[in-house]
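Here is final21.cif, consisting of mmCIF, C-alpha atoms:
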data_target
#
loop_
_atom_site.label_atom_id
_atom_site.label_comp_id
_atom_site.auth_asym_id
_atom_site.auth_seq_id
_atom_site.Cartn_x
_atom_site.Cartn_y
_atom_site.Cartn_z
CA MET G 1 -19.42 -1.86 -8.39
CA ARG G 2 -17.50 -5.01 -9.30
CA LEU G 3 -14.36 -5.99 -7.39
CA PHE G 4 -12.30 -9.17 -7.60
CA LEU G 5 -9.66 -9.09 -4.86
CA ALA G 6 -7.19 -11.90 -4.38
CA SER G 7 -4.06 -12.83 -2.50
CA TYR G 8 -2.38 -14.16 -5.65
CA ARG G 9 -3.69 -13.64 -9.17
CA PHE G 10 -6.99 -15.50 -9.69
CA GLY G 11 -6.63 -17.67 -6.61
CA GLU G 12 -8.59 -20.83 -7.35
CA HIS G 13 -11.54 -18.89 -8.74
CA TYR G 14 -10.82 -17.92 -12.33
CA ASP G 15 -14.44 -18.88 -13.12
CA VAL G 16 -15.66 -16.13 -10.79
CA PHE G 17 -13.33 -13.60 -12.41
CA ALA G 18 -14.50 -14.65 -15.88
CA GLU G 19 -18.15 -14.25 -14.91
CA LEU G 20 -17.55 -10.76 -13.57
CA ALA G 21 -15.37 -9.71 -16.51
CA GLY G 22 -17.59 -11.06 -19.27
CA ALA G 23 -16.18 -12.02 -22.66
CA PRO G 24 -12.38 -11.61 -22.83
CA GLY G 25 -11.30 -8.30 -24.33
CA PRO G 26 -9.02 -5.36 -23.58
CA ILE G 27 -7.83 -5.13 -19.98
CA ALA G 28 -5.73 -2.37 -18.42
CA VAL G 29 -2.76 -3.63 -16.42
CA ILE G 30 -1.40 -1.43 -13.64
CA ALA G 31 2.02 -2.57 -12.41
CA ASN G 32 3.01 0.51 -10.40
CA ALA G 33 3.34 -1.46 -7.17
CA CYS G 34 6.70 -2.49 -8.65
CA ASP G 35 7.99 1.02 -9.39
CA ALA G 36 10.58 0.87 -6.60
CA TRP G 37 12.22 -2.15 -8.25
CA PRO G 38 13.52 -0.92 -11.64
CA ASP G 39 15.65 -4.01 -12.25
CA SER G 40 12.68 -6.37 -12.02
CA ARG G 41 9.74 -4.19 -13.05
CA ALA G 42 9.70 -5.23 -16.71
CA ALA G 43 9.72 -8.92 -15.80
CA ALA G 44 6.98 -8.33 -13.24
CA LEU G 45 4.80 -6.71 -15.91
CA THR G 46 5.45 -9.53 -18.38
CA SER G 47 4.46 -12.07 -15.75
CA GLU G 48 0.97 -10.52 -15.79
CA LEU G 49 0.61 -10.09 -19.54
CA VAL G 50 1.35 -13.73 -20.41
CA PRO G 51 -1.38 -15.45 -18.32
CA LEU G 52 -3.97 -12.83 -19.26
CA ARG G 53 -3.25 -13.43 -22.94
CA LYS G 54 -3.54 -17.19 -22.40
CA HIS G 55 -7.06 -16.60 -21.13
CA GLY G 56 -7.92 -14.63 -24.27
CA PHE G 57 -7.57 -11.09 -22.91
CA ASP G 58 -5.77 -8.21 -24.62
CA PRO G 59 -3.71 -6.71 -21.77
CA ARG G 60 -2.28 -3.21 -22.14
CA GLU G 61 -0.21 -1.45 -19.52
CA VAL G 62 -1.51 1.80 -18.09
CA ASP G 63 1.51 3.28 -16.32
CA LEU G 64 0.29 5.73 -13.68
CA ARG G 65 3.63 7.54 -13.77
CA GLU G 66 2.65 8.89 -17.19
CA TYR G 67 -0.52 10.45 -15.73
CA ALA G 68 0.97 12.30 -12.75
CA GLY G 69 -1.06 15.49 -12.36
CA ARG G 70 -3.36 14.51 -15.25
CA PRO G 71 -6.42 12.83 -13.71
CA GLY G 72 -8.70 13.87 -16.57
CA GLU G 73 -6.52 12.08 -19.08
CA LEU G 74 -6.36 9.02 -16.83
CA ARG G 75 -10.14 9.00 -16.52
CA ARG G 76 -10.51 9.00 -20.31
CA THR G 77 -7.98 6.18 -20.65
CA LEU G 78 -9.44 3.90 -17.98
CA ALA G 79 -13.02 4.52 -19.11
CA GLY G 80 -12.09 2.82 -22.37
CA PHE G 81 -11.42 -0.53 -20.68
CA PRO G 82 -14.01 -3.07 -19.49
CA ALA G 83 -11.59 -4.40 -16.85
CA VAL G 84 -8.55 -3.23 -14.90
CA TRP G 85 -5.93 -5.61 -13.46
CA VAL G 86 -3.74 -4.29 -10.62
CA ARG G 87 -0.80 -6.52 -9.68
CA GLY G 88 0.99 -6.93 -6.37
CA GLY G 89 4.19 -5.38 -5.13
CA ASN G 90 4.64 -2.62 -2.55
CA THR G 91 1.21 -1.40 -1.41
CA PHE G 92 2.58 1.94 -0.21
CA VAL G 93 4.25 2.66 -3.56
CA LEU G 94 1.04 1.73 -5.39
CA ARG G 95 -0.99 4.01 -3.09
CA ALA G 96 1.40 6.89 -3.75
CA GLN G 97 1.16 6.46 -7.52
CA PHE G 98 -2.63 6.37 -7.26
CA ALA G 99 -2.44 9.72 -5.46
CA ARG G 100 0.03 11.33 -7.87
CA SER G 101 -2.06 10.39 -10.92
CA GLY G 102 -5.45 11.05 -9.36
CA ALA G 103 -6.36 7.37 -9.69
CA ASP G 104 -7.46 7.42 -6.05
CA ARG G 105 -10.34 9.65 -7.17
CA VAL G 106 -10.83 8.43 -10.73
CA VAL G 107 -11.05 4.70 -9.99
CA PRO G 108 -13.75 5.01 -7.28
CA GLU G 109 -15.78 7.31 -9.52
CA LEU G 110 -15.64 4.90 -12.46
CA LEU G 111 -16.39 1.92 -10.22
CA ALA G 112 -19.43 3.70 -8.81
CA ALA G 113 -20.67 4.02 -12.39
CA ASP G 114 -19.85 0.31 -13.02
CA SER G 115 -17.55 1.41 -15.82
CA PHE G 116 -15.25 -1.59 -15.38
CA LEU G 117 -14.32 -4.57 -13.25
CA TYR G 118 -11.47 -3.89 -10.83
CA ALA G 119 -9.35 -6.99 -10.30
CA GLY G 120 -6.36 -6.75 -7.99
CA TYR G 121 -4.19 -9.08 -5.98
CA SER G 122 -1.88 -8.61 -3.00
CA ALA G 123 -1.04 -4.87 -3.06
CA GLY G 124 -3.72 -4.34 -5.71
CA ALA G 125 -6.28 -5.76 -3.29
CA CYS G 126 -4.92 -4.29 -0.05
CA LEU G 127 -5.11 -0.81 -1.59
CA LEU G 128 -8.92 -0.87 -1.48
CA GLY G 129 -9.22 -1.29 2.28
CA PRO G 130 -9.85 1.57 4.73
CA HIS G 131 -6.18 1.84 5.75
CA LEU G 132 -2.75 0.31 5.17
CA ARG G 133 -1.71 0.05 8.82
CA GLY G 134 0.04 -3.22 9.56
CA LEU G 135 1.28 -3.72 6.01
CA GLU G 136 4.59 -2.08 6.92
CA THR G 137 5.60 -5.48 8.30
CA SER G 138 5.74 -6.82 4.73
CA ASP G 139 5.94 -3.72 2.48
CA ASP G 140 8.56 -1.04 3.09
CA PRO G 141 7.11 2.49 3.30
CA GLY G 142 10.67 3.76 2.92
CA GLU G 143 10.56 2.85 -0.78
CA VAL G 144 7.88 5.47 -1.45
CA ALA G 145 9.89 8.70 -1.35
CA PRO G 146 12.72 7.53 -3.68
CA ALA G 147 10.27 5.99 -6.17
CA CYS G 148 7.43 8.53 -6.05
CA GLY G 149 8.81 11.74 -4.58
CA ILE G 150 6.13 11.98 -1.87
CA GLU G 151 5.69 10.62 1.63
CA PRO G 152 3.77 7.38 2.33
CA ILE G 153 -0.02 7.57 2.54
CA TRP G 154 -1.61 5.33 5.16
CA GLU G 155 -5.25 5.66 4.11
CA GLY G 156 -6.62 3.15 1.62
CA LEU G 157 -9.30 3.85 -0.96
CA GLY G 158 -12.05 2.66 1.39
CA LEU G 159 -13.94 0.66 -1.24
CA ILE G 160 -14.21 -2.30 1.13
CA ASP G 161 -15.00 -1.96 4.82
CA ARG G 162 -12.06 -3.91 6.24
CA PRO G 163 -8.40 -4.51 5.43
CA ILE G 164 -7.22 -7.47 3.40
CA VAL G 165 -4.34 -9.56 4.74
CA PRO G 166 -2.88 -11.64 1.87
CA HIS G 167 -0.58 -14.64 1.62
CA LEU G 168 -1.60 -16.68 4.65
CA ASP G 169 0.46 -19.88 4.85
CA SER G 170 2.06 -18.95 1.53
CA PRO G 171 5.52 -19.83 0.21
CA THR G 172 5.66 -16.23 -1.05
CA ASP G 173 5.67 -15.12 2.60
CA PRO G 174 8.31 -17.33 4.24
CA GLU G 175 8.54 -15.09 7.30
CA GLY G 176 4.83 -15.41 7.99
CA THR G 177 4.14 -11.67 8.12
CA GLY G 178 0.60 -12.19 6.82
CA ASN G 179 -0.20 -14.76 9.48
CA ALA G 180 1.25 -12.48 12.17
CA LEU G 181 -0.80 -9.49 11.00
CA ALA G 182 -3.99 -11.55 10.86
CA ALA G 183 -3.30 -12.76 14.41
CA ARG G 184 -2.79 -9.18 15.54
CA PHE G 185 -6.07 -8.06 13.97
CA ARG G 186 -7.88 -10.99 15.60
CA ALA G 187 -6.38 -10.13 18.98
CA ASP G 188 -7.47 -6.50 18.88
CA GLY G 189 -10.86 -7.24 17.33
CA THR G 190 -10.20 -5.58 13.97
CA PRO G 191 -12.47 -7.01 11.23
CA HIS G 192 -10.41 -8.10 8.23
CA TRP G 193 -10.23 -10.51 5.31
CA ALA G 194 -7.38 -12.99 5.82
CA LEU G 195 -6.69 -14.70 2.49
CA THR G 196 -4.66 -17.70 1.46
CA ASP G 197 -3.36 -17.63 -2.11
CA ALA G 198 -6.42 -19.69 -3.09
CA ASP G 199 -9.01 -17.25 -1.69
CA VAL G 200 -10.71 -14.21 -3.21
CA VAL G 201 -13.07 -11.49 -2.00
CA VAL G 202 -15.70 -10.41 -4.51
CA ARG G 203 -17.97 -7.41 -4.42
CA ASP G 204 -20.78 -7.39 -6.97
CA GLY G 205 -23.12 -4.46 -6.48
CA ASN G 206 -23.83 -4.18 -2.76
CA GLU G 207 -22.94 -7.79 -1.97
CA THR G 208 -19.46 -8.79 -0.76
CA ARG G 209 -18.55 -12.47 -0.59
CA LEU G 210 -15.50 -14.51 0.36
CA TYR G 211 -14.60 -17.46 -1.88
CA THR G 212 -12.24 -19.88 -0.20
CA GLY G 213 -9.94 -22.45 -1.74
#

Write the structure described by the file as structure tokens, please.
Amino acid sequence: MRLFLASYRFGEHYDVFAELAGAPGPIAVIANACDAWPDSRAAALTSELVPLRKHGFDPREVDLREYAGRPGELRRTLAGFPAVWVRGGNTFVLRAQFARSGADRVVPELLAADSFLYAGYSAGACLLGPHLRGLETSDDPGEVAPACGIEPIWEGLGLIDRPIVPHLDSPTDPEGTGNALAARFRADGTPHWALTDADVVVRDGNETRLYTG
């Protein structure tokens, strides 16, 4: 299993991403964390495609909305990519779209077979923790029902053993919700990964490692 989990894009560790991904080639881009924001979704997707192309990758969107109720088709699609890139946005909306499409089953199965590298940042990283509790301070669960037609899901995919708290001391989090959540987890003894926008968590096989800026 190969995971590259960041607070913001590659953090300061593109070299680590490149080593895990291998030679640049096709990469699936999942932007469904932005589904509750129709006026800005297209721009959010473009903002991922451009830097990936600059690094030599061939990014292609895989829109989970098109696979609702069709997990077999999604499995066939994702199995054709050596890497998957999951961008940030609303973690609860992303989790709901993973459930509707069956990606919450398909992605762990393909990762267990080392079918591809999973690279995600912000919501795309938080999704893989054991739960999403605490993220409601930064991501609105109320956006799930209008965008996805189901209620919020509070369980993560459980592919890492502790939650990720992104955007510590970040200009993208002017209200300091990430810092507050990390402080809360520290106070109640909850293990977690607290990441600045420079940091990444990497799982390669059975080894998980934190790379700091």

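Nearest to G:Ala194 of all the residues G:Tyr67, G:Thr177, G:Leu168, G:Ala6 is G:Leu168, counting all atoms listed in the file.
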
- Apply the PyMOL selection byres ((chain G and resi 131) around 7) to the file shown and report the selected residues as a ChimeraX atom specification. /G:129-130,132-133,154-156,163

- Could you pull the residues within 6 Å of G:Leu195, counting all atoms listed in the file, minus those fewer than 4 positions along the same chain, as number ranges by chain? G: 7, 166, 168, 199

What does the file look like for those residues with C-alpha atoms, as a short mmCIF file (atom, residue, chain, number, x, y, z; two decimals), in the coordinates of the input?
data_model
loop_
_atom_site.label_atom_id
_atom_site.label_comp_id
_atom_site.auth_asym_id
_atom_site.auth_seq_id
_atom_site.Cartn_x
_atom_site.Cartn_y
_atom_site.Cartn_z
CA SER G 7 -4.06 -12.83 -2.50
CA PRO G 166 -2.88 -11.64 1.87
CA LEU G 168 -1.60 -16.68 4.65
CA ASP G 199 -9.01 -17.25 -1.69
#

- Message: I need the output of the PyMOL selection byres ((chain G and resi 92) around 8) for this file as a VMD selection string; which residues are they?
- Response: chain G and resid 33 90 to 91 93 to 96 132 139 to 141 144 152 to 154

If we count only C-alpha atoms and set the cut-off at 9 Å, which residues sit around stretch 79-82 of chain G, ignoring sequence neighbours fewer than 5 positions away in its own chain? Please answer as a PDB file with C-alpha atoms, in the coordinates of the input.
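Below is the file part.pdb, written as the result:
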ATOM      1  CA  ALA G  21     -15.370  -9.710 -16.510  1.00  0.00           C
ATOM      2  CA  GLY G  22     -17.590 -11.060 -19.270  1.00  0.00           C
ATOM      3  CA  GLY G  25     -11.300  -8.300 -24.330  1.00  0.00           C
ATOM      4  CA  PRO G  26      -9.020  -5.360 -23.580  1.00  0.00           C
ATOM      5  CA  ILE G  27      -7.830  -5.130 -19.980  1.00  0.00           C
ATOM      6  CA  ALA G  28      -5.730  -2.370 -18.420  1.00  0.00           C
ATOM      7  CA  LEU G  74      -6.360   9.020 -16.830  1.00  0.00           C
ATOM      8  CA  LEU G 110     -15.640   4.900 -12.460  1.00  0.00           C
ATOM      9  CA  SER G 115     -17.550   1.410 -15.820  1.00  0.00           C
ATOM     10  CA  PHE G 116     -15.250  -1.590 -15.380  1.00  0.00           C
ATOM     11  CA  LEU G 117     -14.320  -4.570 -13.250  1.00  0.00           C
TER      12      LEU G 117
END

- One-decimal distance in Å that lies between atom CA of G:Tyr8 and atom CA of G:Arg203: 17.0 Å

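Counting all atoms listed in the file, the residue from G:Thr137, G:Thr212, G:Thr196, G:Thr77 that sits nearest to G:Leu181 is G:Thr137.
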
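By only C-alpha atoms, and with residues fewer than 2 positions from G:Leu20 along its chain excluded, the set lying at most 10 Å from it is Arg2, Leu3, Phe4, Tyr14, Asp15, Val16, Phe17, Ala18, Gly22, Ala23, Ala83, Phe116, Leu117, Tyr118, Ala119, Val202, Arg203 and Asp204 of chain G.
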
- Selected residue of minimal separation from G:Asn179 among G:Gly69, G:Gly134, G:Gly142, G:Pro108, counting only C-alpha atoms: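 Under the stated criterion, the closest residue is G:Gly134.
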
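Taking atom CA of G:Arg9 and atom CA of G:Glu151 as endpoints, the distance between them is 28.2 Å.
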
Enumerate, as an mmCIF file with C-alpha atoms, keeping the file's coordinate frame, the protein, DNA and RNA residues whose atoms approach (-15.2, -8.8, -0.3) to within 9 Å, taking into account only C-alpha atoms and the coordinate frame of the file.
data_model
loop_
_atom_site.group_PDB
_atom_site.id
_atom_site.type_symbol
_atom_site.label_atom_id
_atom_site.label_comp_id
_atom_site.auth_asym_id
_atom_site.auth_seq_id
_atom_site.Cartn_x
_atom_site.Cartn_y
_atom_site.Cartn_z
ATOM 1 C CA LEU G 3 -14.360 -5.990 -7.390
ATOM 2 C CA PHE G 4 -12.300 -9.170 -7.600
ATOM 3 C CA LEU G 5 -9.660 -9.090 -4.860
ATOM 4 C CA ILE G 160 -14.210 -2.300 1.130
ATOM 5 C CA ASP G 161 -15.000 -1.960 4.820
ATOM 6 C CA ARG G 162 -12.060 -3.910 6.240
ATOM 7 C CA ILE G 164 -7.220 -7.470 3.400
ATOM 8 C CA TRP G 193 -10.230 -10.510 5.310
ATOM 9 C CA VAL G 200 -10.710 -14.210 -3.210
ATOM 10 C CA VAL G 201 -13.070 -11.490 -2.000
ATOM 11 C CA VAL G 202 -15.700 -10.410 -4.510
ATOM 12 C CA ARG G 203 -17.970 -7.410 -4.420
ATOM 13 C CA ASP G 204 -20.780 -7.390 -6.970
ATOM 14 C CA GLU G 207 -22.940 -7.790 -1.970
ATOM 15 C CA THR G 208 -19.460 -8.790 -0.760
ATOM 16 C CA ARG G 209 -18.550 -12.470 -0.590
ATOM 17 C CA LEU G 210 -15.500 -14.510 0.360
ATOM 18 C CA TYR G 211 -14.600 -17.460 -1.880
#
